[in-house]
There are 2 protein chains.
Amino acid sequence: MINFTVGPVQSDDCVKAIGAQDTPYFRTDEFSQVMLENEALVKEFAHAPEGSRTVFVTGSGTAAMEASVINTLDSNDKALVVNGGSFGARFVQLLELHGIPHTVIELERGCPLTSEDLAPYENQGYTAFLVNIHETSTGIRYNPELISEFCKRNDLYLIVDAISSFLADPLDMEEWGAGIVLTGSQKALACPPGISVVVLAPAALERVERIPMKCMYLDFGLLLENGLRGQTPFTPAVSVLLQINARLRELKERGGAIAEQERCAALAEDFRARIAHLPFQMNLSSPSNAVTSLLAPTCDAREIFETLKDEYGIWVCPNGGDHAHDSFRVGHIGNLTVDDNIALVQAFDALVQRGIIH
Amino acid sequence: MINFTVGPVQSDDCVKAIGAQDTPYFRTDEFSQVMLENEALVKEFAHAPEGSRTVFVTGSGTAAMEASVINTLDSNDKALVVNGGSFGARFVQLLELHGIPHTVIELERGCPLTSEDLAPYENQGYTAFLVNIHETSTGIRYNPELISEFCKRNDLYLIVDAISSFLADPLDMEEWGAGIVLTGSQKALACPPGISVVVLAPAALERVERIPMKCMYLDFGLLLENGLRGQTPFTPAVSVLLQINARLRELKERGGAIAEQERCAALAEDFRARIAHLPFQMNLSSPSNAVTSLLAPTCDAREIFETLKDEYGIWVCPNGGDHAHDSFRVGHIGNLTVDDNIALVQAFDALVQRGIIH
């Protein structure tokens, strides 16, 4: 199978070689050294400011989103949250569940965030801003400079969900003034799912210190304390953490985060150029390098997904809910090449011949 | 390395072969079928009563313990909790954190639970009982029949943490009348860590239905709802779930849970017989088959652990905190054999020669 979804994605050989081995015991100095290196490399690739920390939660991206909400926001906050798709909606649900006062900036699906969207909220006493910098469900990447300037002007604590954007798009936590940046093992880190990664700037660390524990398993305080010695409070997904280490070292050798962003960007650009002749609509107003969202209003997108899976050995990324039949996505993260793009476009062409794409 | 810890443990080839592969995309019928089979086999091996369900949480055993507390207990409960070691203490902390009224049955470290311990709590209006049926930190397995009869007599809802006991010791959820039994992927299931498994009997399901969501990531309601179609609400540790499937099928072929319990019991018995000549004290008043806890009062247990790791290619299981230097543990779960026991005892003998064990 060739995997064009946005996670889990294809891994490099160094990652799969670790998966083939027994999981080692981890309450050892050897594993602690791996974890300390993971923390240092993630901070480097996120351009985290001096004094930042990184924690590794055994859980999905949603675990990291919820942990960020409950560990660094409380009922004294007044949060702004961008809702432009299913992951924005998840942030809204989390704020509601945990009683964090908030206002939702509702965007039309697939639309970028503009300065007009933000204008009504200048100088209104907000304290925090939550955004999925790449709304994975639509492929839209919001403008980080616009958000950053707004947050700096209004002294807002900024939580950036960069789950599928980290390593695929430019990211500069220090320049953005972000308090938190979070990602997952199964996106451009290209490891199996099971670990989410949260980088906390000093502004976030100060909040963690102040806000009481709400959930032991998702508690940043315990993760930070144990992380000082390269350990975790509870048994983590050890194999995935070792795989993350191999991958981070490989990325470092290959030129770091910027080289990987450029590789994803080139793959995305190549793919978008190759499908100009197909009857798909691409929304390229503000795309992430991680994925291309394709509207297929005259086809059945679910049929395209199933046929590619069952007859061509290719996974594209289906949409759920209301958009299961009119659109799908093609990812550009993980171990993919231009040859894979060529194979996918050949399969699309075959579906045109068969009348499934029309 | 030979791994005698109590998790992560050594895996069979069928499990490692899956780890060597790319993680597949999982929002598919193929993965749903795997998950439905996982649910059915876990229920079978736990002897779950009719109408039970199983959920798979991407997280550690503590995630499953906390999820069990917040999804099935509330402030109207009056819980009894057994604290005979560090995992009992964790249940107590979770009940405190989440405001569940409770009374702690404090046991001396390494002592079994007796009917005298329970007597004061008969007919006192308790509603729930929480126990780590095998307190992994001390190697003691509490008497499930004693607990079960007490709970039935007093109409208590019973939560059984069987993290390291599932598949290693006899377990009969229906006979015990347990509401919940939980375990983890890295214990006798012998897969990499990352997944905890929770079996819910109808009594637990009724409580989940009634008690409002407290944490989205750990919410049983969402897990149960998505599980009906073999899916999870958030991206799970897909590879570990596939590995669990391979392992459950293998266990089924080899005679199911009872055959695996007998294998662990035989390994434990073999090991305990082989070390009679060594100056360790074994507490065999009520041992689990999963692990043997060894008191080494005249040695430095940490030095034994480090020397075996660095010079003999063997991990035994160190203790933490106050017991780091006077005791350690030897596990009997996962892909271990009598030959491995022989190798370990030879290494112990070498440490006797060197004066490290005396």
# chains A, B, ... in the order shown; residues from 1 in each chain; ligands from 1
call {"tool": "select_by_dssp", "arguments": {"residues": "region 168-306 of chain A", "states": "alpha helix (DSSP H)", "output": "PyMOL selection string"}}
result
chain A and resi 173-176+202-210+220-227+238-253+256-274+301-306
call {"tool": "write_last_selection", "arguments": {"atoms": "C-alpha atoms", "output": "tab-separated table (two decimals), in the first residue's frame"}}
result
chain	number	residue	atom	x	y	z
A	173	MET	CA	7.60	29.35	18.45
A	174	GLU	CA	9.84	32.16	19.68
A	175	GLU	CA	9.00	34.56	16.87
A	176	TRP	CA	5.29	33.75	17.19
A	202	PRO	CA	8.02	29.88	30.02
A	203	ALA	CA	4.56	31.51	29.80
A	204	ALA	CA	2.98	28.05	29.77
A	205	LEU	CA	5.26	26.70	32.49
A	206	GLU	CA	4.22	29.54	34.79
A	207	ARG	CA	0.56	28.62	34.21
A	208	VAL	CA	1.21	24.92	34.89
A	209	GLU	CA	2.86	25.90	38.17
A	210	ARG	CA	-0.16	27.95	39.21
A	220	PHE	CA	1.92	18.47	32.86
A	221	GLY	CA	3.34	19.04	36.36
A	222	LEU	CA	4.11	15.34	36.79
A	223	LEU	CA	5.40	15.05	33.21
A	224	LEU	CA	7.69	18.07	33.64
A	225	GLU	CA	9.02	16.90	37.00
A	226	ASN	CA	9.80	13.38	35.76
A	227	GLY	CA	11.11	14.75	32.49
A	238	VAL	CA	8.58	3.29	24.90
A	239	SER	CA	9.01	1.96	21.35
A	240	VAL	CA	7.47	5.06	19.80
A	241	LEU	CA	9.74	7.28	21.91
A	242	LEU	CA	12.77	5.35	20.65
A	243	GLN	CA	11.44	5.66	17.11
A	244	ILE	CA	10.96	9.40	17.58
A	245	ASN	CA	14.59	9.57	18.68
A	246	ALA	CA	15.83	7.77	15.57
A	247	ARG	CA	13.70	10.02	13.38
A	248	LEU	CA	14.76	13.27	15.07
A	249	ARG	CA	18.42	12.29	14.70
A	250	GLU	CA	17.85	11.47	11.04
A	251	LEU	CA	16.12	14.82	10.49
A	252	LYS	CA	19.00	16.61	12.20
A	253	GLU	CA	21.51	14.91	9.88
A	256	GLY	CA	16.75	19.83	10.44
A	257	ALA	CA	13.20	21.10	10.39
A	258	ILE	CA	13.70	23.48	7.47
A	259	ALA	CA	14.96	20.74	5.14
A	260	GLU	CA	11.95	18.58	5.98
A	261	GLN	CA	9.54	21.51	5.43
A	262	GLU	CA	11.12	22.12	2.05
A	263	ARG	CA	10.79	18.44	1.15
A	264	CYS	CA	7.07	18.44	2.09
A	265	ALA	CA	6.54	21.73	0.23
A	266	ALA	CA	8.17	20.32	-2.92
A	267	LEU	CA	6.05	17.15	-2.74
A	268	ALA	CA	2.88	19.20	-2.28
A	269	GLU	CA	3.76	21.51	-5.16
A	270	ASP	CA	4.59	18.56	-7.42
A	271	PHE	CA	1.27	16.88	-6.63
A	272	ARG	CA	-0.80	20.02	-7.12
A	273	ALA	CA	0.81	20.62	-10.51
A	274	ARG	CA	0.21	17.04	-11.63
A	301	ALA	CA	-15.34	10.77	-2.91
A	302	ARG	CA	-16.01	7.70	-0.77
A	303	GLU	CA	-16.05	5.53	-3.88
A	304	ILE	CA	-12.72	7.02	-4.96
A	305	PHE	CA	-11.24	6.18	-1.53
A	306	GLU	CA	-12.58	2.62	-1.49
call {"tool": "interface_residues", "arguments": {"of": "chain B", "to": "chain A", "cutoff": "8 Å", "atoms": "only C-alpha atoms", "output": "MDAnalysis selection string"}}
result
chainID B and resid 3 5 7:11 16:25 58:63 66 94 97 192:194 213:217 234:239 315
call {"tool": "select_by_dssp", "arguments": {"residues": "region 4-243 of chain B", "states": "strand (DSSP E)", "output": "VMD selection string"}}
result
chain B and resid 53 to 58 79 to 83 102 to 106 128 to 132 134 to 135 140 to 141 157 to 161 180 to 184 195 to 200
call {"tool": "atom_distance", "arguments": {"atom1": "CA of Val352 (chain A)", "atom2": "CA of Arg109 (chain A)"}}
result
27.6 Å
call {"tool": "atom_distance", "arguments": {"atom1": "CA of Arg254 (chain A)", "atom2": "CA of Asp172 (chain A)"}}
result
19.1 Å
call {"tool": "atom_distance", "arguments": {"atom1": "CA of Asp326 (chain B)", "atom2": "CA of Cys299 (chain B)"}}
result
7.0 Å
call {"tool": "residues_around", "arguments": {"residues": "Tyr126 (chain B)", "least_positions_apart": "4", "cutoff": "12 Å", "atoms": "only C-alpha atoms", "output": "MDAnalysis selection string"}}
result
chainID B and resid 76:81 100:104 118 120:122 130 150:158
call {"tool": "write_last_selection", "arguments": {"atoms": "C-alpha atoms", "output": "PDB file, in the first residue's frame"}}
result
ATOM      1  CA  ASN B  76     -22.622   9.838  45.620  1.00  0.00           C
ATOM      2  CA  ASP B  77     -20.386   6.795  45.970  1.00  0.00           C
ATOM      3  CA  LYS B  78     -18.702   5.627  49.125  1.00  0.00           C
ATOM      4  CA  ALA B  79     -15.726   3.567  48.031  1.00  0.00           C
ATOM      5  CA  LEU B  80     -13.416   1.135  49.781  1.00  0.00           C
ATOM      6  CA  VAL B  81      -9.910   0.948  48.345  1.00  0.00           C
ATOM      7  CA  ILE B 100     -14.963  10.372  45.398  1.00  0.00           C
ATOM      8  CA  PRO B 101     -15.750   9.694  49.090  1.00  0.00           C
ATOM      9  CA  HIS B 102     -13.651   6.734  50.157  1.00  0.00           C
ATOM     10  CA  THR B 103     -12.074   4.758  52.973  1.00  0.00           C
ATOM     11  CA  VAL B 104      -8.609   3.268  52.615  1.00  0.00           C
ATOM     12  CA  LEU B 118     -12.594  -6.457  55.603  1.00  0.00           C
ATOM     13  CA  PRO B 120     -15.022  -3.556  59.943  1.00  0.00           C
ATOM     14  CA  TYR B 121     -16.604  -2.511  56.636  1.00  0.00           C
ATOM     15  CA  GLU B 122     -19.526  -4.969  56.492  1.00  0.00           C
ATOM     16  CA  LEU B 130     -11.272  -0.808  44.211  1.00  0.00           C
ATOM     17  CA  PHE B 150     -17.475  -9.418  50.447  1.00  0.00           C
ATOM     18  CA  CYS B 151     -18.600  -7.308  47.480  1.00  0.00           C
ATOM     19  CA  LYS B 152     -21.570  -9.547  46.699  1.00  0.00           C
ATOM     20  CA  ARG B 153     -22.657  -9.614  50.347  1.00  0.00           C
ATOM     21  CA  ASN B 154     -22.459  -5.819  50.551  1.00  0.00           C
ATOM     22  CA  ASP B 155     -23.704  -5.083  47.049  1.00  0.00           C
ATOM     23  CA  LEU B 156     -20.501  -3.284  46.063  1.00  0.00           C
ATOM     24  CA  TYR B 157     -19.522  -2.286  42.558  1.00  0.00           C
ATOM     25  CA  LEU B 158     -16.070  -3.858  42.050  1.00  0.00           C
TER      26      LEU B 158
END
call {"tool": "closest_residue", "arguments": {"among": "A:Ser185, A:Arg53, A:Gln353, A:Leu73", "to": "Pro212 (chain A)", "atoms": "only C-alpha atoms"}}
result
A:Leu73
call {"tool": "residues_around", "arguments": {"residues": "Pro144 (chain B)", "least_positions_apart": "4", "cutoff": "9 Å", "atoms": "only C-alpha atoms", "output": "ChimeraX atom specification"}}
result
/B:133,148-149,171,176
call {"tool": "decode", "arguments": {"residues": "region 46-59 of chain B", "atoms": "all heavy atoms", "output": "tab-separated table (two decimals), in the first residue's frame"}}
result
chain	number	residue	atom	x	y	z
B	46	ALA	N	-11.24	-12.83	29.67
B	46	ALA	CA	-11.55	-12.29	31.00
B	46	ALA	C	-12.79	-12.97	31.61
B	46	ALA	O	-13.18	-12.64	32.72
B	46	ALA	CB	-11.77	-10.78	30.92
B	47	HIS	N	-13.39	-13.89	30.89
B	47	HIS	CA	-14.67	-14.49	31.33
B	47	HIS	C	-15.68	-13.39	31.65
B	47	HIS	O	-16.29	-13.40	32.72
B	47	HIS	CB	-14.48	-15.38	32.56
B	47	HIS	CG	-13.77	-16.65	32.26
B	47	HIS	ND1	-14.42	-17.84	32.04
B	47	HIS	CD2	-12.45	-16.91	32.11
B	47	HIS	CE1	-13.53	-18.79	31.79
B	47	HIS	NE2	-12.34	-18.26	31.82
B	48	ALA	N	-15.81	-12.44	30.75
B	48	ALA	CA	-16.73	-11.32	30.98
B	48	ALA	C	-18.17	-11.80	30.85
B	48	ALA	O	-18.48	-12.65	30.00
B	48	ALA	CB	-16.46	-10.21	29.98
B	49	PRO	N	-19.06	-11.29	31.69
B	49	PRO	CA	-20.46	-11.72	31.60
B	49	PRO	C	-21.14	-11.20	30.33
B	49	PRO	O	-20.67	-10.23	29.71
B	49	PRO	CB	-21.10	-11.11	32.85
B	49	PRO	CG	-20.23	-9.96	33.22
B	49	PRO	CD	-18.84	-10.32	32.77
B	50	GLU	N	-22.20	-11.84	29.95
B	50	GLU	CA	-23.06	-11.42	28.84
B	50	GLU	C	-23.34	-9.92	28.93
B	50	GLU	O	-23.63	-9.40	30.02
B	50	GLU	CB	-24.38	-12.20	28.96
B	50	GLU	CG	-25.37	-12.03	27.85
B	50	GLU	CD	-24.96	-12.75	26.56
B	50	GLU	OE1	-24.23	-13.76	26.66
B	50	GLU	OE2	-25.36	-12.28	25.48
B	51	GLY	N	-23.25	-9.25	27.79
B	51	GLY	CA	-23.57	-7.82	27.78
B	51	GLY	C	-22.40	-6.93	28.13
B	51	GLY	O	-22.55	-5.71	28.22
B	52	SER	N	-21.20	-7.52	28.32
B	52	SER	CA	-20.01	-6.70	28.62
B	52	SER	C	-19.47	-6.06	27.35
B	52	SER	O	-19.78	-6.48	26.23
B	52	SER	CB	-18.92	-7.58	29.26
B	52	SER	OG	-19.34	-8.10	30.49
B	53	ARG	N	-18.65	-5.06	27.54
B	53	ARG	CA	-17.94	-4.40	26.43
B	53	ARG	C	-16.46	-4.24	26.81
B	53	ARG	O	-16.12	-4.28	28.00
B	53	ARG	CB	-18.54	-3.01	26.14
B	53	ARG	CG	-19.96	-2.99	25.63
B	53	ARG	CD	-20.07	-3.37	24.15
B	53	ARG	NE	-19.09	-2.70	23.30
B	53	ARG	CZ	-19.22	-1.46	22.83
B	53	ARG	NH1	-20.29	-0.75	23.11
B	53	ARG	NH2	-18.28	-0.91	22.06
B	54	THR	N	-15.63	-4.05	25.81
B	54	THR	CA	-14.21	-3.76	26.06
B	54	THR	C	-13.83	-2.50	25.31
B	54	THR	O	-14.22	-2.33	24.16
B	54	THR	CB	-13.32	-4.93	25.58
B	54	THR	OG1	-13.67	-6.11	26.30
B	54	THR	CG2	-11.84	-4.63	25.81
B	55	VAL	N	-13.08	-1.61	25.98
B	55	VAL	CA	-12.54	-0.44	25.28
B	55	VAL	C	-11.01	-0.46	25.38
B	55	VAL	O	-10.44	-1.02	26.31
B	55	VAL	CB	-13.10	0.89	25.83
B	55	VAL	CG1	-14.59	1.00	25.57
B	55	VAL	CG2	-12.78	1.07	27.31
B	56	PHE	N	-10.40	0.18	24.38
B	56	PHE	CA	-8.95	0.23	24.27
B	56	PHE	C	-8.54	1.70	24.33
B	56	PHE	O	-8.87	2.48	23.44
B	56	PHE	CB	-8.50	-0.42	22.96
B	56	PHE	CG	-8.87	-1.88	22.87
B	56	PHE	CD1	-10.15	-2.27	22.44
B	56	PHE	CD2	-7.98	-2.86	23.26
B	56	PHE	CE1	-10.50	-3.62	22.38
B	56	PHE	CE2	-8.33	-4.21	23.22
B	56	PHE	CZ	-9.59	-4.59	22.78
B	57	VAL	N	-7.86	2.05	25.43
B	57	VAL	CA	-7.44	3.44	25.64
B	57	VAL	C	-5.98	3.55	25.23
B	57	VAL	O	-5.16	2.73	25.66
B	57	VAL	CB	-7.56	3.81	27.14
B	57	VAL	CG1	-7.12	5.25	27.38
B	57	VAL	CG2	-8.97	3.58	27.66
B	58	THR	N	-5.64	4.54	24.41
B	58	THR	CA	-4.23	4.77	24.13
B	58	THR	C	-3.65	5.51	25.32
B	58	THR	O	-3.90	6.71	25.51
B	58	THR	CB	-4.04	5.53	22.81
B	58	THR	OG1	-4.54	4.70	21.75
B	58	THR	CG2	-2.56	5.82	22.55
B	59	GLY	N	-2.93	4.77	26.16
B	59	GLY	CA	-2.40	5.33	27.40
B	59	GLY	C	-1.89	4.20	28.28
B	59	GLY	O	-2.02	3.02	27.94
